[in-house]
file run25.cif (mmCIF, C-alpha atoms)
data_upload
loop_
_atom_site.label_atom_id
_atom_site.label_comp_id
_atom_site.auth_asym_id
_atom_site.auth_seq_id
_atom_site.Cartn_x
_atom_site.Cartn_y
_atom_site.Cartn_z
CA MET A 1 104.65 93.46 56.75
CA LEU A 2 104.33 93.38 52.98
CA LEU A 3 106.39 90.22 52.40
CA GLU A 4 105.68 88.25 55.56
CA HIS A 5 106.14 84.50 54.96
CA LYS A 6 107.16 85.13 51.32
CA ARG A 7 110.11 83.17 49.92
CA ALA A 8 112.45 85.30 47.81
CA VAL A 9 115.45 84.31 45.72
CA ILE A 10 117.89 87.13 44.91
CA TYR A 11 120.69 86.66 42.39
CA GLY A 12 123.64 89.01 42.70
CA ALA A 13 122.67 89.59 46.34
CA GLY A 14 126.26 90.39 47.29
CA GLY A 15 126.26 93.52 45.11
CA ALA A 16 125.13 97.01 46.06
CA ILE A 17 121.67 96.77 44.49
CA GLY A 18 121.04 93.12 45.27
CA GLY A 19 122.19 93.57 48.86
CA ALA A 20 120.00 96.64 49.37
CA VAL A 21 116.97 94.82 47.97
CA ALA A 22 117.69 91.77 50.14
CA ARG A 23 117.82 93.90 53.29
CA ALA A 24 114.62 95.71 52.31
CA PHE A 25 112.81 92.44 51.61
CA ALA A 26 113.98 91.08 54.95
CA ARG A 27 112.62 94.13 56.77
CA GLU A 28 109.26 93.37 55.19
CA GLY A 29 109.30 89.80 56.50
CA ALA A 30 110.54 87.78 53.52
CA ARG A 31 112.64 84.66 53.91
CA LEU A 32 115.70 85.21 51.73
CA TYR A 33 117.72 82.88 49.54
CA LEU A 34 120.79 84.77 48.37
CA ALA A 35 122.69 83.55 45.32
CA GLY A 36 125.83 84.77 43.60
CA ARG A 37 129.39 83.92 42.59
CA THR A 38 131.11 85.24 45.72
CA LEU A 39 130.12 83.65 49.03
CA ALA A 40 132.00 86.19 51.14
CA THR A 41 129.84 89.11 49.98
CA LEU A 42 126.67 87.03 50.16
CA ASP A 43 127.47 85.95 53.71
CA ALA A 44 128.05 89.57 54.72
CA VAL A 45 124.55 90.49 53.57
CA ALA A 46 123.10 87.42 55.27
CA ARG A 47 124.79 88.40 58.56
CA ASP A 48 123.25 91.86 58.37
CA ILE A 49 119.83 90.35 57.79
CA SER A 50 120.22 87.85 60.62
CA ALA A 51 121.45 90.57 62.99
CA ALA A 52 118.29 92.52 62.25
CA GLY A 53 116.12 89.50 63.04
CA GLY A 54 115.60 88.24 59.50
CA THR A 55 116.26 84.91 57.81
CA ALA A 56 118.68 84.44 54.90
CA GLU A 57 120.54 81.52 53.36
CA THR A 58 123.38 81.81 50.85
CA ALA A 59 124.55 79.70 47.93
CA GLN A 60 127.28 80.03 45.30
CA VAL A 61 125.54 79.98 41.93
CA ASP A 62 126.74 81.10 38.50
CA ALA A 63 123.64 82.39 36.72
CA LEU A 64 125.25 81.65 33.35
CA ASP A 65 125.38 77.94 34.22
CA GLU A 66 121.95 76.55 33.33
CA PRO A 67 122.24 73.21 35.20
CA SER A 68 123.41 75.03 38.34
CA VAL A 69 120.52 77.49 38.19
CA GLU A 70 117.96 74.74 37.58
CA GLN A 71 119.31 72.64 40.47
CA TYR A 72 119.48 75.60 42.83
CA ILE A 73 115.88 76.61 42.18
CA ALA A 74 114.71 73.01 42.53
CA ASP A 75 116.49 72.73 45.87
CA VAL A 76 115.08 76.03 47.18
CA ALA A 77 111.57 75.17 46.06
CA LYS A 78 111.77 71.78 47.75
CA THR A 79 113.25 73.17 50.99
CA ALA A 80 111.04 76.24 51.23
CA GLY A 81 107.91 74.66 49.81
CA GLY A 82 107.81 77.10 46.89
CA ILE A 83 109.20 80.41 45.64
CA ASP A 84 107.24 83.67 45.68
CA VAL A 85 109.82 86.13 44.35
CA SER A 86 112.77 85.78 41.96
CA PHE A 87 114.87 88.94 41.65
CA ASN A 88 117.87 89.04 39.31
CA ALA A 89 120.24 91.89 40.23
CA ILE A 90 123.29 90.48 38.48
CA GLY A 91 125.74 93.10 37.19
CA LEU A 92 126.26 93.37 33.44
CA GLU A 93 130.00 94.14 33.47
CA ASP A 94 129.35 96.78 30.83
CA VAL A 95 131.96 99.14 29.39
CA GLN A 96 130.92 102.79 29.31
CA GLY A 97 132.62 106.01 28.29
CA THR A 98 133.77 104.75 24.88
CA PRO A 99 132.01 105.84 21.65
CA LEU A 100 130.22 102.95 19.95
CA ILE A 101 132.25 103.30 16.75
CA GLU A 102 135.46 102.91 18.78
CA MET A 103 134.27 99.95 20.85
CA SER A 104 135.24 96.34 20.25
CA LEU A 105 132.56 93.78 19.49
CA GLU A 106 133.43 91.93 22.69
CA ASP A 107 132.95 95.01 24.88
CA PHE A 108 129.71 95.90 23.11
CA SER A 109 128.14 92.43 23.21
CA HIS A 110 129.32 91.34 26.67
CA PRO A 111 126.59 93.08 28.74
CA ILE A 112 123.94 92.03 26.22
CA THR A 113 124.97 88.40 26.55
CA ILE A 114 125.05 88.52 30.35
CA ALA A 115 121.73 90.34 30.62
CA THR A 116 119.74 88.20 28.22
CA SER A 117 121.31 84.89 29.21
CA THR A 118 121.12 85.21 33.00
CA GLN A 119 117.65 86.74 33.04
CA PHE A 120 116.38 84.10 30.63
CA LEU A 121 117.87 81.22 32.62
CA THR A 122 116.69 82.43 36.04
CA ALA A 123 113.18 83.18 34.76
CA LYS A 124 112.98 79.86 32.92
CA ALA A 125 114.02 77.95 36.03
CA VAL A 126 111.54 79.53 38.44
CA ALA A 127 108.48 80.00 36.21
CA PRO A 128 107.28 76.36 36.38
CA HIS A 129 107.30 76.48 40.18
CA MET A 130 105.31 79.72 40.24
CA ILE A 131 102.84 78.44 37.67
CA LYS A 132 102.33 75.31 39.76
CA GLN A 133 101.53 77.31 42.89
CA GLY A 134 99.54 79.92 40.96
CA SER A 135 101.42 82.96 42.22
CA GLY A 136 104.82 84.65 42.21
CA VAL A 137 106.85 87.57 40.94
CA ILE A 138 109.80 87.46 38.53
CA MET A 139 111.79 90.70 38.67
CA MET A 140 114.37 92.08 36.25
CA ILE A 141 116.03 95.52 36.18
CA THR A 142 116.29 97.90 33.28
CA ALA A 143 117.36 101.56 33.07
CA THR A 144 116.87 104.84 31.22
CA PRO A 145 119.08 104.04 28.17
CA ALA A 146 116.60 101.31 27.17
CA ARG A 147 114.30 103.99 25.80
CA LEU A 148 116.32 107.20 25.55
CA GLY A 149 119.30 107.89 23.33
CA ILE A 150 122.16 108.42 25.79
CA PRO A 151 125.74 108.59 24.50
CA LEU A 152 128.72 106.55 25.68
CA VAL A 153 126.83 103.74 27.43
CA GLY A 154 127.96 101.04 25.00
CA GLY A 155 125.97 97.83 24.89
CA PHE A 156 124.24 98.65 28.15
CA SER A 157 121.40 100.44 26.35
CA VAL A 158 120.79 97.46 24.07
CA ALA A 159 120.91 95.08 27.05
CA CYS A 160 118.27 97.09 28.92
CA ALA A 161 116.00 97.28 25.87
CA ALA A 162 116.37 93.52 25.40
CA LEU A 163 115.31 92.89 29.00
CA GLU A 164 112.18 94.96 28.59
CA SER A 165 111.32 92.97 25.48
CA LEU A 166 112.05 89.69 27.27
CA SER A 167 109.79 90.69 30.12
CA ARG A 168 106.93 91.49 27.73
CA SER A 169 107.40 88.17 25.97
CA LEU A 170 107.32 86.33 29.31
CA ALA A 171 104.09 88.14 30.19
CA ALA A 172 102.50 87.13 26.89
CA GLU A 173 103.43 83.47 27.34
CA LEU A 174 102.99 83.09 31.09
CA GLY A 175 99.87 85.22 31.45
CA PRO A 176 97.44 82.54 30.25
CA LYS A 177 99.07 80.15 32.75
CA GLY A 178 98.58 82.41 35.75
CA SER A 179 101.75 84.47 35.34
CA ALA A 180 102.39 88.08 34.33
CA SER A 181 105.49 90.13 33.50
CA SER A 182 106.55 93.78 33.69
CA ALA A 183 109.83 95.64 33.22
CA CYS A 184 110.69 98.28 35.80
CA GLY A 185 113.55 100.78 35.71
CA ARG A 186 115.17 102.86 38.39
CA PRO A 187 112.93 105.41 40.13
CA ASP A 188 112.72 108.78 38.40
CA ARG A 189 114.92 110.89 40.69
CA GLN A 190 113.28 114.12 39.51
CA SER A 191 109.81 112.90 40.37
CA PRO A 192 108.28 113.66 43.80
CA SER A 193 106.86 110.14 43.90
CA PRO A 194 108.93 106.96 44.26
CA ARG A 195 107.32 105.31 41.25
CA CYS A 196 109.37 103.89 38.40
CA TRP A 197 108.76 106.06 35.34
CA MET A 198 109.66 103.23 32.99
CA CYS A 199 107.24 100.64 34.33
CA THR A 200 105.32 98.73 31.69
CA PRO A 201 101.98 97.28 32.80
CA PRO A 202 101.65 93.50 32.93
CA VAL A 203 99.90 91.87 30.01
CA THR A 204 97.40 90.30 32.38
CA ALA A 205 96.25 90.98 35.88
CA SER A 206 96.96 87.41 36.91
CA PRO A 207 98.68 86.61 40.21
CA VAL A 208 102.20 85.75 39.03
CA ARG A 209 104.22 88.70 37.80
CA SER A 210 107.64 89.37 36.33
CA SER A 211 109.46 92.71 36.35
CA SER A 212 113.12 94.09 34.96
CA HIS A 213 117.04 95.89 36.72
CA ARG A 214 120.91 96.21 36.41
CA SER A 215 124.50 95.26 37.79
CA ARG A 216 126.83 90.84 38.42
CA THR A 217 127.95 89.77 41.85
#
call {"tool": "encode", "arguments": {"input": "run25.cif", "output": "structure tokens"}}
result
Amino acid sequence: MLLEHKRAVIYGAGGAIGGAVARAFAREGARLYLAGRTLATLDAVARDISAAGGTAETAQVDALDEPSVEQYIADVAKTAGGIDVSFNAIGLEDVQGTPLIEMSLEDFSHPITIATSTQFLTAKAVAPHMIKQGSGVIMMITATPARLGIPLVGGFSVACAALESLSRSLAAELGPKGSASSACGRPDRQSPSPRCWMCTPPVTASPVRSSSHRSRT
């Protein structure tokens, strides 16, 4: 199995994307630590994983609360002996369908704030642990509007572009310390291969990587 004995933290694991990734990681042998704001949805995913023979623990964590994120990661690292994967699938609560010139500043900036703040805080918390062990993967999610002009997506496009930039910056800073970073979008549905057409190569080929996604549960 690809992730056998790997320790993976998934934020927003109670959501559709986070839950699907958690189940897929579990099938590949990873030990899961599921975090989010709603324990009921997290526990439902954990039960599915346990029923299939996997291992998953849940915790209520607000990824916008820096002390909570730092403490959670410290606790997981201590309990599990390290962290191999950090995947942030938190939803952006973005407003779509409204022209930009008719949108309020709050609606426009809200997904940008959530995306940049939560991804920054979760990456900042886990990076020292991965650097210490010399390996690990930090994952973010981006999407097509980061690079293509698509109407009526509001601040979502800016949020996605910001995450790709953040991921590149992380790669540049963490690469020399044994860490790398890449931003990866949704798979190109028109492509016969399952690759992500928006993937940006890591700055270095070092063992710790970081990649980018979407959606906040």
call {"tool": "atom_distance", "arguments": {"input": "run25.cif", "atom1": "atom CA of Phe108 of chain A", "atom2": "atom CA of Cys160 of chain A"}}
result
12.9 Å
call {"tool": "closest_residue", "arguments": {"input": "run25.cif", "among": "A:Leu100, A:Gly82, A:Tyr33, A:Thr113", "to": "Ala59 of chain A", "atoms": "all atoms listed in the file"}}
result
A:Tyr33
call {"tool": "residues_around", "arguments": {"input": "run25.cif", "residues": "Asp43 of chain A", "least_positions_apart": "5", "cutoff": "10 Å", "atoms": "all atoms listed in the file", "output": "number ranges by chain"}}
result
A: 13-14, 34-35, 38, 48-49, 56-59
call {"tool": "write_last_selection", "arguments": {"input": "run25.cif", "atoms": "C-alpha atoms", "output": "compact mmCIF listing (two decimals), keeping the file's coordinate frame"}}
result
# COMPACT_ATOMS: atom_id res chain seq x y z
CA ALA A 13 122.67 89.59 46.34
CA GLY A 14 126.26 90.39 47.29
CA LEU A 34 120.79 84.77 48.37
CA ALA A 35 122.69 83.55 45.32
CA THR A 38 131.11 85.24 45.72
CA ASP A 48 123.25 91.86 58.37
CA ILE A 49 119.83 90.35 57.79
CA ALA A 56 118.68 84.44 54.90
CA GLU A 57 120.54 81.52 53.36
CA THR A 58 123.38 81.81 50.85
CA ALA A 59 124.55 79.70 47.93
call {"tool": "atom_distance", "arguments": {"input": "run25.cif", "atom1": "atom CA of Phe25 of chain A", "atom2": "atom CA of Ala146 of chain A"}}
result
26.3 Å
call {"tool": "atom_distance", "arguments": {"input": "run25.cif", "atom1": "atom CA of Ile112 of chain A", "atom2": "atom CA of Ile10 of chain A"}}
result
20.2 Å
call {"tool": "resolve_selection", "arguments": {"input": "run25.cif", "expression": "the PyMOL selection byres ((chain A and resi 1) around 7)", "output": "ChimeraX atom specification"}}
result
/A:2-4,28-29
call {"tool": "resolve_selection", "arguments": {"input": "run25.cif", "expression": "the PyMOL selection byres ((chain A and resi 63) around 9)", "output": "list of chain:residue names"}}
result
A:Tyr11, A:Gly12, A:Ala35, A:Gly36, A:Arg37, A:Val61, A:Asp62, A:Leu64, A:Asp65, A:Glu66, A:Ser68, A:Val69, A:Ile90, A:Ile114, A:Ser117, A:Thr118, A:Gln119, A:Leu121, A:Thr122
call {"tool": "closest_residue", "arguments": {"input": "run25.cif", "among": "A:Ala80, A:Ala24, A:Met140, A:Ile131", "to": "Ala52 of chain A", "atoms": "all atoms listed in the file"}}
result
A:Ala24
call {"tool": "resolve_selection", "arguments": {"input": "run25.cif", "expression": "the PyMOL selection byres ((chain A and resi 95-99) around 10)", "output": "list in words"}}
result
Leu92, Glu93, Asp94, Leu100, Ile101, Glu102, Met103, Ser104, Glu106, Asp107, Phe108, Ser109, His110, Pro111, Pro151, Leu152, Val153, Gly154, Gly155 and Phe156 of chain A
call {"tool": "closest_residue", "arguments": {"input": "run25.cif", "among": "A:Ile141, A:Leu39, A:Val85, A:Ile73", "to": "Ile17 of chain A", "atoms": "all atoms listed in the file"}}
result
A:Ile141
call {"tool": "residues_around", "arguments": {"input": "run25.cif", "residues": "Met130 of chain A", "least_positions_apart": "3", "cutoff": "8 Å", "atoms": "all atoms listed in the file", "output": "compact mmCIF listing (two decimals) with C-alpha atoms, keeping the file's coordinate frame"}}
result
# COMPACT_ATOMS: atom_id res chain seq x y z
CA GLY A 82 107.81 77.10 46.89
CA ILE A 83 109.20 80.41 45.64
CA ASP A 84 107.24 83.67 45.68
CA VAL A 126 111.54 79.53 38.44
CA ALA A 127 108.48 80.00 36.21
CA GLN A 133 101.53 77.31 42.89
CA GLY A 134 99.54 79.92 40.96
CA SER A 135 101.42 82.96 42.22
CA GLY A 136 104.82 84.65 42.21
CA SER A 179 101.75 84.47 35.34
CA VAL A 208 102.20 85.75 39.03
call {"tool": "closest_residue", "arguments": {"input": "run25.cif", "among": "A:Ala159, A:Ala30, A:Ala123, A:Leu105", "to": "Ala143 of chain A", "atoms": "only C-alpha atoms"}}
result
A:Ala159
call {"tool": "closest_residue", "arguments": {"input": "run25.cif", "among": "A:Pro128, A:Gly53, A:Gly19, A:Pro67", "to": "Leu174 of chain A", "atoms": "only C-alpha atoms"}}
result
A:Pro128
call {"tool": "closest_residue", "arguments": {"input": "run25.cif", "among": "A:Leu148, A:Val76, A:Leu166, A:Glu70", "to": "Leu32 of chain A", "atoms": "all atoms listed in the file"}}
result
A:Val76
